[in-house]
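Quick notes on the structure that follows.
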Amino acid sequence: MNFRFAGLICIAASTAAAGLTPYGLECEARVNPAGIDNLRPRLSWKLAADQAGLGQTAYQIVVATSPEGLNSPGMWDSGRVASPESLWIEYRGSAMHPFQQYWWRVRVWDQSLKPSEWSAAASWTTAMLSPGDMKGAWIAHPDHSLRSGPLPLFRREFTADKPVRRAVAMVAGAGFHELHVNGARIGDHVLAPAWTNYRATVMYETFDITERLRPGPNAVGVMLGNGFYNVAGGRYTKYTGSFGHPRLWMMLHIEFSDGKTTDVATDSAWRTREGPVTFSCIFGGEDYDARNELSGWDQPGFDASAWQSVTTVEAPGGAMRAQSSPPIRVQQTFQAVRITQPKPGITVYDLGQNFSGWPRATVSGPAGSAVKMTPGELLDGSGLVSQRSSGSPVWFSYTLNGRGSETWSPRFSYYGFRYVQVEGDAKVEKLEGQFVHLDAPRVGSFSSSNERFNRIHALIDAAIRSNLQHVITDCPHREKLGWLEQTYLMGASLMYNWDLRTLLPKTSRDMRESQMVNGLVPDIAPEYVAFRGGFRDSPEWGSASVFVPWQAWNWYGDRSVLKDSYLMMKGYVNYLGSRTEDGLLKYGLGDWYDIGPKGPGYSQLTPQGVTATATYYEDLRVLERVARMLGFEADAQHYAGRAAETRARFNREYYDAQRKTYATGSQTSLAMPLAFNLAPPEARASLVEKLASDIRGRGNHTSAGDIGYRYVLRALLEAKRSDVVFDLANNPVAPSYAAQLSAGATSLTEAWDANPHSSQNHLMLGHIEEWFYGGLAGIRPDPRSPGLRNILIEPDPAGDVKWVKAEWNSPRGPVKVNWETEGERLKLDVEIPPGMTAAVRLPGGSISRTGSGRHQFQGIIKRHGGGN
């Protein structure tokens, strides 16, 4: 059932006092970042207000080389700048120096020209700002064989003979590194640095290690992992391929208290040896022999005379860039909820949750005893771990050094699993699971009176978290590749929950670096392996190269991603144009994993030409708008003309005017023309009704797959048919979200029916999140106001939902929506941050435009029945 309003009352809550306060200062969308390599970094802040309706009319930024210097800034004083903008303000001060920390603060003026207090100070630290700043060479172990282990250790001693003012370390391990200084690990990042196409870009991490150095002798140690740089195989792997054997570059820039500087960088003076990691494959697992540990190897005074000299090697080939996307960290630890022994000598731990990460074991026993840990998503009929859904064989093993209780977890390999099968002759004192994923800030929360929806939200969130790595993966076990369609189809669902301002530029760069000379953007980026046919060239996948930069602009106001990606976008759209036949595209994977008679796989219900050409049409429309925004009017007119021609050809080919339907009449065939405004205006109501009827006729089930399902939800939402979406989402009968829950799933599965032969932790098909936030709660970025100057609040209550609480902490501040029903009355409470306006529309009512602050709306509702 839906709600329609017969009356509306708006109440604005405010206080008597007035004032704006800037807070949440960021540089390049990061808080006090180390590792800025942009000559003109961009600054942002949020605003708090003690009165509704306040907004910024001007700002002043000051930048200095110390907190004390902010009173008389030597780097930049912007002066009073008349502007309401608080996002992406470009630094315009004096030229910066590498490896320096800069401090800044901001104050703002409101509509009455009243200045705020100065904000608290924030900072950023620069990394290398030009190629000439890089010192040192790439080094490697002298054994250059391409294998999965053993993996090398590196070390170097140096002396700090004067007091240290600042020390900045930059490190790039190809593929992974772990940095140690004076016996301590630096940072808590794992699976670092971010993986890339190493021939085009190599990421390095930046750390301020001033507090780690000591007067006199110091030591640096680094462990290396293979990662995606060297996939040599040996156990399960999706592919085998290598950029070369693992290698290291590191540079430590030290500034002394007298102003003099020195650099400690990788060179031929470093020493190396094989370490305790005896096998590591990003897909197949990891083995560790603690008998090979060397106490003090990363401390000064260690006897490394038996170690070998390193060899200097060629660089991987890509440009060196400071990593700006978030690191990966251990985010959560799971304890076993059930322990069984299905066979003598075999123990199975149920951690209660399917997640990405690794086991963490505490064991004891004599030196040489070992424990083997086999992770998996499911159990077989005998209670043993099964890897049939996730790639096999994969395991982690640890060999003890015999020095008492020992705790270990892998470093350079991860997997998606719920269960761990343990065997071996060591005593297992404790086994845990560590959830490992990108440390992007969580920005969304959703809950409702419908507990099933709350569980579905948690189900999808587990899959999102598991697949938020340095790329947005489809599954955390058998593939771990950046399949591109989900980056934009799940884009809104991701961005309602997580801050992706620094990941989307990295994703866009990955696509630019994967683009072929002919313009093709392959289905995965980085493209570590070239698949064939539609698995390399499908328009619905490659079009992420157009849609992801566009989403970064619409959701975050980040114009730079569009500027950097414009040539890629043009190249790809022109490539698609070269593949058309009579103006249509009729190839690719189509509506992958739709629900047809043959089981999941290639599209069965919808012609490839519908999904491919509709996507191509939207590419053209987006590119027209981007070209116009960037000032390329001739391009804009060109793509507008091609879009109009494509629309006409699409409708001639697929629209049946007599029956008022598209193609086969499948849900995807009906939804995509509606969502992309391909359909004739006079046919829209009929098409929506046909779509709703098809869902009803299937017992309130969708038949759409990976591509079409998002547009089914979008078409229904835009048509104000949340009654249909509610019945679909609330359906307890398979195929449905609730059926996955009933089958015991704890993360979203690849197939609607939780098929045990398919992945049990998959990102695609989680698009109902967009309806939870954008439909039930009604929080939607205004497409006519990119960068969140205005937001739409259009809650569409449905079914038995009696209340909803949702929050989206946008780049401008938190947007909160709470509503509840009492009989025929609905009460809506909305909170809008300063710097943003809102257009609030209750179902059946008119738009109320409001400014920042807390606002209450009340209305009388009428209900009409749904399909259940």
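Naming scheme: A, B, ... for chains in displayed order of the structure tokens; residues 1 onward per chain; ligands 1 onward as shown.
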Mind the document's chain letters and residue numbers, and return as a ChimeraX atom specification the residues of stretch 331-572 of chain A that DSSP labels strand (DSSP E). /A:331-335,338-343,346-364,370-376,378-379,385-386,395-399,406-408,415-424,427-438,444-448
Would you mind listing what lies within 9 Å of A:Lys480 as a list of chain:residue names, with only C-alpha atoms counted and same-chain residues fewer than 4 positions away left out?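 Those residues are A:Lys238, A:Ile282, A:Phe283, A:Tyr415, A:Asn467, A:Gln469, A:Val471, A:Ile472, A:Thr473, A:Asp474, A:Cys475, A:Pro476.
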Write out, as a tab-separated table (two decimals), in the first residue's frame, the residues just selected, with C-alpha atoms.
chain	number	residue	atom	x	y	z
A	238	LYS	CA	41.53	-16.78	-11.52
A	282	ILE	CA	46.37	-13.07	-3.84
A	283	PHE	CA	43.92	-15.81	-4.88
A	415	TYR	CA	39.39	-14.50	0.84
A	467	ASN	CA	33.84	-5.82	-2.09
A	469	GLN	CA	38.77	-2.98	-1.74
A	471	VAL	CA	38.89	-1.63	-6.60
A	472	ILE	CA	35.18	-2.32	-6.36
A	473	THR	CA	35.18	-6.08	-6.80
A	474	ASP	CA	32.26	-8.34	-7.62
A	475	CYS	CA	33.23	-11.04	-5.12
A	476	PRO	CA	36.05	-11.34	-2.56
Quick one: residues within 7 Å of stretch 170-178 of chain A, only C-alpha atoms counted, chain neighbours fewer than 3 positions away excluded, as a PDB file with N, CA, C and O atoms, in the first residue's frame?
ATOM      1  N   LEU A 191      47.319  -4.987   2.828  1.00  0.00           N
ATOM      2  CA  LEU A 191      47.166  -5.118   1.368  1.00  0.00           C
ATOM      3  C   LEU A 191      47.496  -3.798   0.689  1.00  0.00           C
ATOM      4  O   LEU A 191      46.763  -3.304  -0.181  1.00  0.00           O
ATOM      5  N   ALA A 192      48.631  -3.214   1.090  1.00  0.00           N
ATOM      6  CA  ALA A 192      49.037  -1.904   0.604  1.00  0.00           C
ATOM      7  C   ALA A 192      50.275  -2.043  -0.271  1.00  0.00           C
ATOM      8  O   ALA A 192      51.107  -2.932  -0.054  1.00  0.00           O
ATOM      9  N   PRO A 193      50.427  -1.132  -1.259  1.00  0.00           N
ATOM     10  CA  PRO A 193      49.542  -0.006  -1.579  1.00  0.00           C
ATOM     11  C   PRO A 193      48.409  -0.439  -2.517  1.00  0.00           C
ATOM     12  O   PRO A 193      48.294  -1.613  -2.869  1.00  0.00           O
ATOM     13  N   MET A 203      51.378   3.261  -7.094  1.00  0.00           N
ATOM     14  CA  MET A 203      51.020   4.032  -5.911  1.00  0.00           C
ATOM     15  C   MET A 203      52.072   3.851  -4.815  1.00  0.00           C
ATOM     16  O   MET A 203      52.587   2.748  -4.619  1.00  0.00           O
ATOM     17  N   TYR A 204      52.367   4.930  -4.117  1.00  0.00           N
ATOM     18  CA  TYR A 204      53.200   4.820  -2.916  1.00  0.00           C
ATOM     19  C   TYR A 204      52.456   5.424  -1.741  1.00  0.00           C
ATOM     20  O   TYR A 204      51.632   6.325  -1.895  1.00  0.00           O
ATOM     21  N   GLU A 205      52.730   4.896  -0.569  1.00  0.00           N
ATOM     22  CA  GLU A 205      52.126   5.412   0.657  1.00  0.00           C
ATOM     23  C   GLU A 205      53.084   6.388   1.323  1.00  0.00           C
ATOM     24  O   GLU A 205      54.307   6.286   1.187  1.00  0.00           O
ATOM     25  N   THR A 206      52.506   7.334   2.057  1.00  0.00           N
ATOM     26  CA  THR A 206      53.284   8.367   2.747  1.00  0.00           C
ATOM     27  C   THR A 206      52.967   8.331   4.238  1.00  0.00           C
ATOM     28  O   THR A 206      51.798   8.305   4.627  1.00  0.00           O
ATOM     29  N   PHE A 207      54.003   8.339   5.054  1.00  0.00           N
ATOM     30  CA  PHE A 207      53.839   8.314   6.505  1.00  0.00           C
ATOM     31  C   PHE A 207      54.738   9.373   7.145  1.00  0.00           C
ATOM     32  O   PHE A 207      55.898   9.529   6.750  1.00  0.00           O
ATOM     33  N   VAL A 222      61.451  -3.773   5.508  1.00  0.00           N
ATOM     34  CA  VAL A 222      60.265  -3.890   4.666  1.00  0.00           C
ATOM     35  C   VAL A 222      60.065  -5.353   4.291  1.00  0.00           C
ATOM     36  O   VAL A 222      61.016  -6.049   3.906  1.00  0.00           O
ATOM     37  N   MET A 223      58.806  -5.808   4.418  1.00  0.00           N
ATOM     38  CA  MET A 223      58.395  -7.104   3.883  1.00  0.00           C
ATOM     39  C   MET A 223      57.645  -6.857   2.575  1.00  0.00           C
ATOM     40  O   MET A 223      56.904  -5.873   2.455  1.00  0.00           O
ATOM     41  N   LEU A 224      57.805  -7.729   1.607  1.00  0.00           N
ATOM     42  CA  LEU A 224      57.101  -7.604   0.333  1.00  0.00           C
ATOM     43  C   LEU A 224      56.148  -8.768   0.114  1.00  0.00           C
ATOM     44  O   LEU A 224      56.414  -9.897   0.546  1.00  0.00           O
ATOM     45  N   GLY A 225      55.038  -8.463  -0.564  1.00  0.00           N
ATOM     46  CA  GLY A 225      54.087  -9.487  -0.984  1.00  0.00           C
ATOM     47  C   GLY A 225      53.870  -9.418  -2.485  1.00  0.00           C
ATOM     48  O   GLY A 225      54.150  -8.405  -3.129  1.00  0.00           O
ATOM     49  N   ASN A 226      53.336 -10.500  -3.050  1.00  0.00           N
ATOM     50  CA  ASN A 226      53.129 -10.560  -4.495  1.00  0.00           C
ATOM     51  C   ASN A 226      51.972  -9.689  -4.967  1.00  0.00           C
ATOM     52  O   ASN A 226      52.075  -8.990  -5.972  1.00  0.00           O
ATOM     53  N   GLY A 227      50.840  -9.779  -4.255  1.00  0.00           N
ATOM     54  CA  GLY A 227      49.653  -9.040  -4.661  1.00  0.00           C
ATOM     55  C   GLY A 227      49.255  -9.343  -6.097  1.00  0.00           C
ATOM     56  O   GLY A 227      49.433 -10.465  -6.609  1.00  0.00           O
ATOM     57  N   PHE A 228      48.716  -8.334  -6.769  1.00  0.00           N
ATOM     58  CA  PHE A 228      48.352  -8.484  -8.183  1.00  0.00           C
ATOM     59  C   PHE A 228      49.539  -8.207  -9.103  1.00  0.00           C
ATOM     60  O   PHE A 228      49.401  -8.328 -10.319  1.00  0.00           O
ATOM     61  N   TYR A 229      50.678  -7.843  -8.537  1.00  0.00           N
ATOM     62  CA  TYR A 229      51.857  -7.593  -9.355  1.00  0.00           C
ATOM     63  C   TYR A 229      52.418  -8.897  -9.918  1.00  0.00           C
ATOM     64  O   TYR A 229      52.884  -8.948 -11.055  1.00  0.00           O
ATOM     65  N   ASN A 230      52.341  -9.936  -9.093  1.00  0.00           N
ATOM     66  CA  ASN A 230      52.917 -11.220  -9.503  1.00  0.00           C
ATOM     67  C   ASN A 230      51.959 -12.331  -9.086  1.00  0.00           C
ATOM     68  O   ASN A 230      51.966 -12.761  -7.936  1.00  0.00           O
ATOM     69  N   PRO A 246      58.613  -9.426  -7.255  1.00  0.00           N
ATOM     70  CA  PRO A 246      58.378  -8.309  -6.332  1.00  0.00           C
ATOM     71  C   PRO A 246      59.597  -7.404  -6.212  1.00  0.00           C
ATOM     72  O   PRO A 246      60.747  -7.859  -6.233  1.00  0.00           O
ATOM     73  N   ARG A 247      59.327  -6.108  -6.044  1.00  0.00           N
ATOM     74  CA  ARG A 247      60.410  -5.125  -5.945  1.00  0.00           C
ATOM     75  C   ARG A 247      59.977  -3.976  -5.047  1.00  0.00           C
ATOM     76  O   ARG A 247      58.788  -3.803  -4.760  1.00  0.00           O
ATOM     77  N   LEU A 248      60.934  -3.174  -4.632  1.00  0.00           N
ATOM     78  CA  LEU A 248      60.697  -2.161  -3.605  1.00  0.00           C
ATOM     79  C   LEU A 248      61.341  -0.837  -3.986  1.00  0.00           C
ATOM     80  O   LEU A 248      62.476  -0.808  -4.476  1.00  0.00           O
ATOM     81  N   TRP A 249      60.605   0.231  -3.751  1.00  0.00           N
ATOM     82  CA  TRP A 249      61.193   1.575  -3.716  1.00  0.00           C
ATOM     83  C   TRP A 249      60.773   2.228  -2.414  1.00  0.00           C
ATOM     84  O   TRP A 249      59.614   2.127  -1.993  1.00  0.00           O
ATOM     85  N   MET A 250      61.719   2.873  -1.774  1.00  0.00           N
ATOM     86  CA  MET A 250      61.413   3.601  -0.549  1.00  0.00           C
ATOM     87  C   MET A 250      62.321   4.814  -0.438  1.00  0.00           C
ATOM     88  O   MET A 250      63.474   4.789  -0.884  1.00  0.00           O
ATOM     89  N   MET A 251      61.781   5.870   0.149  1.00  0.00           N
ATOM     90  CA  MET A 251      62.567   7.083   0.384  1.00  0.00           C
ATOM     91  C   MET A 251      62.131   7.682   1.713  1.00  0.00           C
ATOM     92  O   MET A 251      60.937   7.862   1.971  1.00  0.00           O
ATOM     93  N   LEU A 252      63.109   7.961   2.552  1.00  0.00           N
ATOM     94  CA  LEU A 252      62.861   8.615   3.835  1.00  0.00           C
ATOM     95  C   LEU A 252      63.519   9.984   3.801  1.00  0.00           C
ATOM     96  O   LEU A 252      64.748  10.091   3.690  1.00  0.00           O
ATOM     97  N   PHE A 412      49.251 -10.917   3.013  1.00  0.00           N
ATOM     98  CA  PHE A 412      49.232 -10.508   1.617  1.00  0.00           C
ATOM     99  C   PHE A 412      48.214 -11.275   0.771  1.00  0.00           C
ATOM    100  O   PHE A 412      48.276 -11.243  -0.450  1.00  0.00           O
TER     101      PHE A 412
END
Just list as a ChimeraX atom specification whatever in stretch 281-459 of chain A DSSP marks as alpha helix (DSSP H). /A:451-459
Write the residues of the preceding selection, restricted to all heavy atoms, as a CSV table (one decimal), in the first residue's frame.
chain,number,residue,atom,x,y,z
A,451,GLU,N,11.3,-5.1,9.9
A,451,GLU,CA,12.5,-5.7,10.3
A,451,GLU,C,13.1,-6.5,9.2
A,451,GLU,O,14.4,-6.6,9.1
A,451,GLU,CB,12.3,-6.6,11.5
A,451,GLU,CG,13.5,-7.2,12.1
A,451,GLU,CD,14.6,-6.2,12.5
A,451,GLU,OE1,14.2,-5.1,12.9
A,451,GLU,OE2,15.8,-6.6,12.5
A,452,ARG,N,12.3,-7.0,8.3
A,452,ARG,CA,12.9,-7.7,7.1
A,452,ARG,C,13.7,-6.8,6.3
A,452,ARG,O,14.8,-7.1,5.8
A,452,ARG,CB,11.7,-8.3,6.3
A,452,ARG,CG,12.2,-9.1,5.1
A,452,ARG,CD,11.0,-9.7,4.4
A,452,ARG,NE,10.5,-10.8,5.1
A,452,ARG,CZ,9.3,-11.3,5.0
A,452,ARG,NH1,8.5,-10.8,4.1
A,452,ARG,NH2,8.9,-12.3,5.7
A,453,PHE,N,13.3,-5.5,6.1
A,453,PHE,CA,14.0,-4.6,5.4
A,453,PHE,C,15.4,-4.3,6.1
A,453,PHE,O,16.4,-4.1,5.4
A,453,PHE,CB,13.3,-3.3,5.1
A,453,PHE,CG,12.2,-3.4,4.1
A,453,PHE,CD1,11.3,-2.3,3.8
A,453,PHE,CD2,12.0,-4.6,3.3
A,453,PHE,CE1,10.3,-2.4,2.9
A,453,PHE,CE2,11.0,-4.7,2.4
A,453,PHE,CZ,10.2,-3.6,2.1
A,454,ASN,N,15.3,-4.2,7.4
A,454,ASN,CA,16.6,-3.9,8.1
A,454,ASN,C,17.6,-5.1,7.9
A,454,ASN,O,18.8,-4.8,7.8
A,454,ASN,CB,16.2,-3.8,9.6
A,454,ASN,CG,15.3,-2.6,9.9
A,454,ASN,OD1,15.3,-1.6,9.1
A,454,ASN,ND2,14.6,-2.6,11.0
A,455,ARG,N,17.1,-6.3,7.9
A,455,ARG,CA,17.9,-7.4,7.7
A,455,ARG,C,18.5,-7.5,6.2
A,455,ARG,O,19.6,-7.8,6.0
A,455,ARG,CB,17.2,-8.7,8.0
A,455,ARG,CG,16.8,-8.9,9.5
A,455,ARG,CD,16.2,-10.3,9.7
A,455,ARG,NE,17.1,-11.4,9.4
A,455,ARG,CZ,16.7,-12.6,9.0
A,455,ARG,NH1,15.4,-12.8,8.9
A,455,ARG,NH2,17.6,-13.5,8.8
A,456,ILE,N,17.6,-7.1,5.3
A,456,ILE,CA,18.1,-7.0,3.9
A,456,ILE,C,19.2,-5.9,3.8
A,456,ILE,O,20.2,-6.1,3.1
A,456,ILE,CB,16.9,-6.7,3.0
A,456,ILE,CG1,16.0,-7.9,2.9
A,456,ILE,CG2,17.4,-6.4,1.6
A,456,ILE,CD1,14.6,-7.7,2.2
A,457,HIS,N,19.0,-4.8,4.4
A,457,HIS,CA,20.0,-3.7,4.4
A,457,HIS,C,21.3,-4.3,5.0
A,457,HIS,O,22.4,-4.0,4.4
A,457,HIS,CB,19.5,-2.6,5.3
A,457,HIS,CG,20.5,-1.5,5.6
A,457,HIS,ND1,21.0,-0.7,4.6
A,457,HIS,CD2,21.0,-1.1,6.7
A,457,HIS,CE1,21.9,0.1,5.1
A,457,HIS,NE2,21.9,-0.1,6.4
A,458,ALA,N,21.3,-5.0,6.0
A,458,ALA,CA,22.5,-5.6,6.6
A,458,ALA,C,23.1,-6.6,5.7
A,458,ALA,O,24.3,-6.7,5.5
A,458,ALA,CB,22.2,-6.2,8.0
A,459,LEU,N,22.3,-7.4,5.0
A,459,LEU,CA,22.7,-8.4,4.0
A,459,LEU,C,23.5,-7.7,2.9
A,459,LEU,O,24.6,-8.2,2.6
A,459,LEU,CB,21.5,-9.1,3.5
A,459,LEU,CG,21.8,-10.3,2.5
A,459,LEU,CD1,22.1,-11.6,3.3
A,459,LEU,CD2,20.6,-10.5,1.6
Residues near A:Asp350, cut-off 7 Å, only C-alpha atoms, skip fewer than 3 positions along chain, as a PyMOL selection string: chain A and resi 336-339+418-420
Leaving out A:Thr850 and any residue of its chain fewer than 2 positions from it, which residues lie within 8 Å of it when counting only C-alpha atoms, given as a list in words?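 That gives Gly53, Thr837, Ala838, Ala839, Val840, Ser848 and Ser852 of chain A.
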If you count only C-alpha atoms, the residue of A:Met569, A:Ile36, A:Ala671, A:Val164 closest to A:Arg214 turns out to be A:Val164
Using only C-alpha atoms for the distances, tell me which of A:Ser148, A:Asn218, A:Thr746, A:Asn651 is nearest to A:Gly285. A:Ser148
For A:Ala140, work out the shell of residues within 8 Å, counting only C-alpha atoms and skipping chain neighbours fewer than 2 positions away, then give it as a PyMOL selection string. chain A and resi 138+142+144+245-248+310-313
I want to know what sits within 9 Å of stretch 570-574 of chain A, based on only C-alpha atoms, with residues of the same chain fewer than 5 positions away left out; could you give that as a VMD selection string? chain A and resid 515 517 to 521 542 to 543 545 to 546 565 579 616 619 to 620 623
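Proximity ranking of A:Arg512, A:Arg147, A:Arg360, A:Arg403 relative to A:Phe435 places A:Arg360 first, based on only C-alpha atoms.
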Could you please determine the separation between atom CA of A:Leu728 and atom CA of A:Leu842 in Å, to one decimal place?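 Computing the Euclidean distance for atom CA of A:Leu728 and atom CA of A:Leu842 yields 22.5 Å.
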